[in-house]
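Each remark here refers to the structure printed beneath this line.
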Amino acid sequence: KEEPVVGVMFGVLLVLLMIVTGLLVMGMKSRWCALLLALIMGAAALYKHPWYITMWSKGSYALDFVVGYEDVRVDAWLYSDHQRYFFFQQLSTVGALLQLVVHGPGKYSMDEAAGPEEVVALTFKGTD
């Protein structure tokens with residue numbers, strides 16, 4: 001049974017993620033919002049789809065999360081293959097968000113309405 005505090009925390013997290021996603025869609029602080037979402041999605045992919053752990057297991061796993069296969073148990077290699085597919089699917093979204101971090105939101109966003117942001121190099125090379 002789930003504690004009420006955990007439910008409230010999940011609700012607050014969901015609302016915050018929706019706000020960050022809304023800011024990203026509107027183009028306000030897009031780079032920071034995309035970076036935050038990429039970090040959260042990367043961590044969620046590692047936690048939610050542990051194919052790297054179950055791949056070398058000899059056990060069997062239940063497919064409770066697959067519709068129509070609620071009572072079915074499969075070998076570890078099949079379960080791992082299923083989880084690997086969803087892991088890399090989620091990781092591709094992380095890559096798209098990181099691409100937004102690197103290249104920026106574009107000229108129609110609210111962040112860059114006055115022009116593209118100046119990217120400052122973190123090295124002193126060439127300042128002699």
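Labels for the structure tokens follow display order: chains A, B, ..., residues from 1 in each chain, ligands from 1.
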Got a sec: who's within 8 Å of range 84-87 of chain A, counting only C-alpha atoms, leaving out chain neighbours fewer than 3 positions off, as a PyMOL selection string? chain A and resi 45-46+48-52+80-81+90-91
Neighbouring residues of Val102 in chain A were defined as those with any atom within 12 Å, considering only C-alpha atoms; residues of the same chain fewer than 4 positions away were excluded. Please report them as a list of chain:residue names. A:Ser30, A:Arg31, A:Trp32, A:Ala34, A:Leu35, A:Gly95, A:Ala96, A:Leu97, A:Leu98, A:Gly106, A:Glu117, A:Val119
From the list A:Ala43, A:Val12, A:Leu24, A:Leu63, the nearest residue to Val101 in chain A using only C-alpha atoms is A:Leu24
Please, which residues of range 9-124 of chain A, numbered as in this document, come out strand (DSSP E or B) from DSSP, as number ranges by chain? A: 60-62, 73-75
